[in-house]
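Scroll down for the structure; my scribbles are underneath it.
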Amino acid sequence: MNEQYVWDLQEVDETQVAAVGGKGAHLGELSRIEGIRVPGGFCVTTDAFRRIMAEAPSIDERLDQLSRLHPDDREGIRTLSAQIRRTVEETAIPDDLAAAITRALARLGAQAAYAVRSSATAEDLPTASFAGQQDTYLNVMGPAAILQHVSRCWASLFTERAVTYRRRNGIDHRTVHMAVVVQQMVFPQAAGILFTADPVTGNRKAATVDAGFGLGEALVSGLVNPDVFTVRDGEVVAKTIAAKQRAVHALPAGGTQEVAVDAQRQEQPALTDAQAVELVRLGRRIEAHFGRPQDIEWCLTDDGFRIVQSRPITTLFPVPETGDQENHVYVSVGHQQMMTDAMKPLGLSMWQLTAMVPMHEAGGRLFVDVTRRLGPPASRAALLDVMGRGDPLVRDALETVLDRDGFIPSLPDASPGGPPAGGPPAGGASAPIETDPAIVTELIERSQASIAALERDIAAKTGPALFDFLLEAFEEHKRVLSDPLSMQAIMAGMEATWWLNDKLYEWLGEKNAADTLTLSAPGNVTSEMGLALLDVADAIRPHPEVVAFLQGVGVEDDDFLDELTKLTGGTEARDAIESYLDRYGMRCVAEIDITRPRWRERPATLVPVILDNVKNFEPGAAERRFERGRQEALKKEQDVLSRLRALPDGDRKADETKRMIDRVRTFIGYREYPKYAIVSRYFVYKQALLAEAERLVRAGVLPEQEDVFYLTFQEFHDVVRSHRVDGRLIQQRKEAFRSYQSLTPPRVLTSDGEAVTGAYRRDDVPDGALVGLPVSAGTIEGRARVILDMADAELEAGDILVTSYTDPSWSPLFVGIAGLVTEVGGLMTHGAVIAREYGLPAVVGVEQATRLIRDGQRIRVHGTDGYVEILP
């Protein structure tokens with residue numbers, strides 16, 4: 001019976017997390033690595049913890065109460081967790097369990113000093129570190145004290161911070177168990193932490209060593225600033241030596257004490273350079289063994305280094321796998337597509353299969369490798385130009401990488417290449433195109449015909465034949481997307497916008513003049529979508545019974561449309577919503593991920609926006625709003641042309657400008673159409689794939705339809721062929737996806753793992769203002785509404801929307817706001833285009849806007865100059 005309660009560290013490996021917890025499993029695995037010295041010890045297993053929990057009075061009832069508390073109910077969590085801890089600590093350890101622990105102590109030396117350390121089954125995992133959630137006790141002496149501290153470790157599973165962390169991460173308290181590691185105490189001269197990758201930049205080639213005198217507790221608890229060594233390629237490349245005034249030392253009778261460090265010793269380094277290099281060599285060995293960067297706790301004694309802990313660094317953004325040792329530079333696709341959330345494997349692979357350029361996956365996001373485009377001077381200049389016009393932070397980040405000696409070798413200019421990373425060709429690349437609205441009409445008709453053919457041909461396809469058909473459909477998808485005429489039309493609108501902004505600033509001193517000239521541009525399917533929802537509100541507003549019913553509709557109530565017909569005016573309301581869904585139901589937030597639920601699948605998503613429109617607008621608002629914008633643009637055009645004619649050579653300038661205004665108004669609306677067409681095709685693909693998934697569920701191959709979202713397209717194809725699925729793979733993918741959701745993707749990433757953020761480098765902004773990119777002119781003051789999920793939107797007239805990103809699905813909110821601030825975006829991304837069409841002052845690319853601006857604060861958005869002021 002004893003064996004299941006106590007295991008020697010030497011018997012333990014990484015696979016035994018369920019028995020010895022994350023820390024115990026890691027320490028056991030560490031002690032098996034050649035050349036790595038780990039202090040001896042043993043683990044008290046989770047079986048012992050389960051036995052104590054079974055014997056502790058009224059624990060079940062309290063755990064039930066705990067699981068019902070809201071994560072923000074701090075007082076409730078504090079009270080209840082303290083009661084549970086007290087109960088666990090006061091539960092007597094059964095004699096046979098106590099005997100097993102004391103026998104293990106006798107083998108190592110009963111009167112020696114030990115560290116008694118918590119090791120939960122949900123800590124030090126690749127996806128959640130739980131660092132510092134549970135307790136460690138140092139320099140514990142004697143069997144009685146050790147048994148007491150083992151009880152304390154069990155109880156520390158229920159500290160307030162551990163309970164709150166689990167609630168926030170959706171982890172059930174009952175599924176986490178506590179083992180305890182009892183380890184021989186090390187009395188070091190110096191101790192600290194080694195990160196085998198730079199924890200701030202993510203650079204995998206630079207290791208960081210934090211070091212202080214005495215026990216590592218002084219650093220972990222923040223008592224002293226450590227010495228910091230940066231080691232790269234076997235040498236110290238940077239170091240900061242701190243004044244270390246305090247240290248923590250072990251007391252002879254047990255426990256620890258804070259002591260002052262001698263004045264002459266405070267400024268001495270805790271390690272020599274040679275020792276720091278040696279430590280990193282050991283760290284690299286540990287990293288290679290575990291296969292990912294590690295956060296390692298170490299001690300230095302007279303006879304060398306001891307490793308007392310190693311856990312994965314969970315905050316680093318993963319690096320795309322290339323299989324070579326070359327340097328690479330990657331640009332985020334999500335920042336250009338206005339969708340920086342993690343995507344599921346089916347979503348990633350579908351976007352890769354239908355994209356115009358090869359893409360790499362990392363951390364649930366897609367990246368384009370721009371290394372080859374950065375080599376030759378001409379293609380580098382073109383790439384930097386188009387990136388800079390879109391998002392100056394990307395350009396600055398790329399320039400930062402280019403400034404590093406030798407990271408990107410210079411190459412001779414080749415013949416002209418294809419389009420740059422995930423975007424249109426560089427400025428000036430388009431052939432001349434006449435300004436003729438018939439061109440746009442023809443392009444839209446072609447696209448609609450292609451989608452109609454897809455819907456017709458896919459209808460009869462099932463099983464493996466569906467996947468073969470889809471691979472052909474993806475080729476047609478790419479053919480439509482790369483239609484040269486379509487590319488020319490998009491570029492014509494964008495280049496005319498740039499021309500107007502550049503020339504009218506040069507000639508008239510007007511900043512961002514094109515913003516007003518593009519108001520209510522015709523044929524923009526995304527801005528029409530926002531206005532069309534105002535028309536839906538007009539159909540609902542006259543019927544109080546319908547309005548009252550909709551106010552009770554929840555996010556999950558997707559059968560509400562059928563209920564509507566039972567109410568007075570409900571049939572008209574339903575018809576209005578249905579016809580809106582027929583045109584726009586394929587859209588949704590984060591729509592480039594095919595796995596996201598579409599409005600047609602979750603129509604209740606639109607209800608809060610419809611109700612805001614009912615409350616905040618008068619009947620006929622859509623038409624009035626569009627007409628007002630059109631008149632303003634016309635007035636601006638007349639004003640600009642008359643001022644130009646008064647200049648030297650004014651007639652030529654005015655004529656050229658008039659040509660460009662006509663061009664921009666003809667083509668800028670079409671800029672939004674290709675994305676609409678892509679998403680329309682995606683919905684057709686998705687319906688066919690979900691029907692296939694449903695057949696697999698009925699055949700007992702899959703437990704749930706949406707499990708296919710965690711397979712790539714090819715893997716899904718294989719499952720349909722073989723009728724066999726690897727359930728473990730799906731489970732691993734679900735866990736990986738959860739961990740990726742908490743990561744922030746960088747705009748630019750290098751193969752060294754460095755996340756390069758870029759900066760604006762502007763000095764024309766007031767102190768304390770948040771800098772961004774001006775994308776829609778005007779200044780507006782109002783209440784900030786920080787909204788991360790469209791379903792949570794409750795807007796009043798005059799509110800300013802602050803969010804991380806806006807893709808086209810957010811456009812219905814734009815009709816009800818006064819201004820826009822986003823963390824991600826560029827001059828030609830969807831949010832910017834629609835903000836200009838609606839005349840909303842907007843600043844995008846404001847780093848950490850949703851954290852720095854609080855919901856409800858008053859802010860002033862300077863859409864012409866590109867900054868946001870937080871007002872008192």
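Ordering of the structure tokens sets the chain letters (A, B, ...), residue numbers begin anew at 1 in every chain, and ligands are numbered from 1 in the order given.
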
Show which residues sit within 9 Å of Arg733 in chain A, as a ChimeraX atom specification. Count only C-alpha atoms, and ignore same-chain residues fewer than 5 positions away. /A:344-345,710-711,728,738

For Thr497 in chain A, work out the shell of residues within 12 Å, counting only C-alpha atoms and skipping chain neighbours fewer than 3 positions away, then give it as a ChimeraX atom specification. /A:389,427,490-494,500-504,512-518,657,659-669,671,775,827-828,833,836

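When CA of Val150 in chain A is paired with CA of Ala162 in chain A, their separation reads 17.4 Å.
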
For Ala92 in chain A, find every residue with an atom within 9 Å (counting only C-alpha atoms), except residues of its own chain fewer than 5 positions away, and show them as an mmCIF file with N, CA, C and O atoms, in the first residue's frame.
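Once written, result-v4.cif looks like this:
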```cif
data_model
loop_
_atom_site.group_PDB
_atom_site.id
_atom_site.type_symbol
_atom_site.label_atom_id
_atom_site.label_comp_id
_atom_site.auth_asym_id
_atom_site.auth_seq_id
_atom_site.Cartn_x
_atom_site.Cartn_y
_atom_site.Cartn_z
ATOM 1 N N ILE A 52 -6.444 12.409 1.860
ATOM 2 C CA ILE A 52 -6.682 13.482 2.845
ATOM 3 C C ILE A 52 -7.996 14.208 2.524
ATOM 4 O O ILE A 52 -8.806 14.484 3.417
ATOM 5 N N GLU A 55 -10.957 12.361 3.604
ATOM 6 C CA GLU A 55 -11.167 12.288 5.057
ATOM 7 C C GLU A 55 -11.491 13.648 5.672
ATOM 8 O O GLU A 55 -11.950 13.721 6.804
ATOM 9 N N ALA A 56 -11.216 14.735 4.929
ATOM 10 C CA ALA A 56 -11.463 16.079 5.484
ATOM 11 C C ALA A 56 -12.961 16.344 5.534
ATOM 12 O O ALA A 56 -13.660 16.146 4.536
ATOM 13 N N SER A 151 1.283 19.014 4.865
ATOM 14 C CA SER A 151 -0.132 19.422 4.999
ATOM 15 C C SER A 151 -0.353 20.842 4.482
ATOM 16 O O SER A 151 -1.353 21.143 3.823
#
```

Determine, counting only C-alpha atoms, which protein, DNA and RNA residues have an atom within 10 Å of an atom of range 474-476 of chain A; residues of the same chain fewer than 5 positions away are not included. Present the result as a ChimeraX atom specification. /A:350-351,353-355,450-451,454,469,481-482,681,685

Any chance you can output those residues with C-alpha atoms as a PDB file, in the first residue's frame?
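Dumped everything to part-v5.pdb:
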```pdb
ATOM      1  CA  MET A 350      -8.329  26.779 -45.492  1.00  0.00           C
ATOM      2  CA  TRP A 351      -6.831  30.285 -45.588  1.00  0.00           C
ATOM      3  CA  LEU A 353      -5.084  26.779 -49.412  1.00  0.00           C
ATOM      4  CA  THR A 354      -6.982  29.782 -50.803  1.00  0.00           C
ATOM      5  CA  ALA A 355      -4.346  32.526 -50.330  1.00  0.00           C
ATOM      6  CA  SER A 450     -18.536  32.212 -60.091  1.00  0.00           C
ATOM      7  CA  ILE A 451     -20.207  31.883 -56.645  1.00  0.00           C
ATOM      8  CA  LEU A 454     -19.906  26.952 -56.938  1.00  0.00           C
ATOM      9  CA  PHE A 469     -14.068  19.047 -55.773  1.00  0.00           C
ATOM     10  CA  LEU A 481      -8.957  36.728 -56.483  1.00  0.00           C
ATOM     11  CA  SER A 482      -5.967  37.334 -58.779  1.00  0.00           C
ATOM     12  CA  ARG A 681     -17.409  31.395 -50.981  1.00  0.00           C
ATOM     13  CA  TYR A 685     -17.453  25.585 -48.366  1.00  0.00           C
TER      14      TYR A 685
END
```

Which polymer residues have any atom within 6 Å of an atom of Ala622 in chain A, counting only C-alpha atoms, with same-chain residues fewer than 3 positions away left out, as a compact mmCIF listing (two decimals) with N, CA and C atoms, in the first residue's frame?
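Saved the output as result_16.txt:
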```
# COMPACT_ATOMS: atom_id res chain seq x y z
N LEU A 531 -25.52 50.47 -43.18
CA LEU A 531 -26.72 51.28 -43.42
C LEU A 531 -27.96 50.40 -43.54
N LEU A 534 -29.77 49.77 -40.43
CA LEU A 534 -30.64 50.88 -40.02
C LEU A 534 -32.03 50.70 -40.63
N ARG A 625 -28.33 59.68 -44.11
CA ARG A 625 -26.90 59.66 -43.77
C ARG A 625 -26.04 59.55 -45.03
```

Determine, for each residue of range 214-319 of chain A having at least one atom at most 10 Å from an atom of range 359-374 of chain A, the closest pair of atoms and their separation in Å to one decimal, counting only C-alpha atoms; order by chain and ascending number, as a tab-separated table.
```
residue	atom	partner	partner_atom	distance
A:Leu316	CA	A:Gly363	CA	9.4
A:Phe317	CA	A:Gly363	CA	6.3
A:Pro318	CA	A:Gly363	CA	5.4
A:Val319	CA	A:Ala362	CA	5.8
```

Name the residues of range 175-260 of chain A that come out as strand (DSSP E) in a backbone DSSP run; write them as a VMD selection string. chain A and resid 178 to 184 190 to 195 206 to 213 227 to 232 235 to 240 246 to 250 256 to 260

Quote the spacing between CA of Thr230 in chain A and CA of Thr208 in chain A in Å to one decimal place. 4.7 Å

Exercise: Met338 in chain A partners within 9 Å, only C-alpha atoms, chain neighbours under 2 positions left out, as a tab-separated table (two decimals) with N, CA, C and O atoms, in the first residue's frame:
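Result saved to out_18.tsv:
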```tsv
chain	number	residue	atom	x	y	z
A	333	VAL	N	-0.06	38.14	-41.01
A	333	VAL	CA	-1.20	38.27	-41.94
A	333	VAL	C	-2.40	38.87	-41.20
A	333	VAL	O	-3.14	39.68	-41.74
A	334	GLY	N	-2.55	38.49	-39.93
A	334	GLY	CA	-3.69	38.94	-39.14
A	334	GLY	C	-3.77	40.46	-39.03
A	334	GLY	O	-4.86	41.03	-39.02
A	335	HIS	N	-2.59	41.12	-38.92
A	335	HIS	CA	-2.61	42.58	-38.80
A	335	HIS	C	-3.09	43.23	-40.10
A	335	HIS	O	-3.61	44.34	-40.08
A	336	GLN	N	-2.88	42.54	-41.23
A	336	GLN	CA	-3.36	43.10	-42.51
A	336	GLN	C	-4.81	42.73	-42.76
A	336	GLN	O	-5.54	43.47	-43.43
A	340	THR	N	-6.54	39.40	-35.42
A	340	THR	CA	-5.32	38.94	-34.75
A	340	THR	C	-5.60	37.82	-33.74
A	340	THR	O	-4.70	37.40	-33.03
A	590	ALA	N	-14.15	38.08	-37.15
A	590	ALA	CA	-13.03	37.18	-37.42
A	590	ALA	C	-13.36	36.24	-38.57
A	590	ALA	O	-13.04	35.05	-38.54
A	805	TYR	N	-9.43	45.24	-32.87
A	805	TYR	CA	-9.44	45.34	-34.33
A	805	TYR	C	-10.88	45.35	-34.81
A	805	TYR	O	-11.78	44.93	-34.11
A	806	THR	N	-11.11	45.85	-36.02
A	806	THR	CA	-12.45	45.77	-36.60
A	806	THR	C	-12.32	45.19	-38.00
A	806	THR	O	-11.61	45.75	-38.83
A	807	ASP	N	-12.99	44.06	-38.24
A	807	ASP	CA	-13.09	43.58	-39.61
A	807	ASP	C	-14.46	44.03	-40.14
A	807	ASP	O	-15.19	44.74	-39.44
A	808	PRO	N	-14.83	43.68	-41.39
A	808	PRO	CA	-16.08	44.23	-41.94
A	808	PRO	C	-17.32	43.98	-41.07
A	808	PRO	O	-18.26	44.78	-41.09
A	824	VAL	N	-5.09	47.73	-33.97
A	824	VAL	CA	-4.54	47.17	-35.20
A	824	VAL	C	-5.21	47.88	-36.37
A	824	VAL	O	-6.39	48.20	-36.29
A	825	GLY	N	-4.46	48.11	-37.44
A	825	GLY	CA	-5.11	48.70	-38.60
A	825	GLY	C	-4.13	49.48	-39.44
A	825	GLY	O	-3.01	49.77	-39.02
A	829	THR	N	-7.10	49.40	-44.52
A	829	THR	CA	-7.83	48.26	-43.97
A	829	THR	C	-9.31	48.64	-43.84
A	829	THR	O	-9.67	49.81	-43.88
A	830	HIS	N	-10.15	47.60	-43.67
A	830	HIS	CA	-11.60	47.80	-43.77
A	830	HIS	C	-12.12	48.88	-42.83
A	830	HIS	O	-12.88	49.74	-43.23
A	831	GLY	N	-11.69	48.82	-41.57
A	831	GLY	CA	-12.17	49.80	-40.59
A	831	GLY	C	-11.90	51.22	-41.03
A	831	GLY	O	-12.75	52.11	-40.88
```

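Around Lys615 in chain A, within 9 Å and counting only C-alpha atoms, the residues found are Ala537, Arg541, Ile610, Leu611, Asp612, Asn613, Phe617, Glu618 and Glu796 of chain A, once anything fewer than 2 positions away on its own chain is removed.
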
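Pairwise distance (CA of Thr864 in chain A, CA of Pro774 in chain A) equals 5.5 Å.
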
As a ChimeraX atom specification, please: every residue in range 691-850 of chain A that DSSP puts in helix (DSSP H, G or I). /A:691-698,705-710,713-722,727-741,790-792,808-814,830-838,849-850

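Closest approach to Glu706 in chain A from the set A:Gln638, A:Thr850, A:Thr595, A:Ser379 is made by A:Thr595, with distances taken over only C-alpha atoms.
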
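Here the question is which of A:Asp789, A:Asp457, A:Glu326, A:Asp855 gets nearest to Phe407 in chain A using only C-alpha atoms, and that residue is A:Glu326.
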
Residue nearest Ala397 in chain A among A:Val553, A:Ala688, A:Val329, A:Met185 (counting only C-alpha atoms): A:Val329

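Among the candidates A:Thr175, A:Glu632, A:Thr315, A:Leu282, the residue lying nearest to Pro745 in chain A is A:Thr315 (atoms considered: only C-alpha atoms).
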
Closest atom pairs, range 701-815 of chain A residues within 8 Å of range 459-466 of chain A, only C-alpha atoms, as a tab-separated table:
```
residue	atom	partner	partner_atom	distance
A:His717	CA	A:Pro464	CA	6.6
A:Val720	CA	A:Gly463	CA	6.2
A:Arg721	CA	A:Pro464	CA	6.0
```

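Considering only C-alpha atoms, the residue among A:Ala677, A:Leu271, A:Ala576, A:Gln631 positioned nearest to Arg446 in chain A is A:Ala677.
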
From the list A:Leu147, A:Val708, A:Val786, A:Leu66, the nearest residue to Arg851 in chain A using only C-alpha atoms is A:Val786
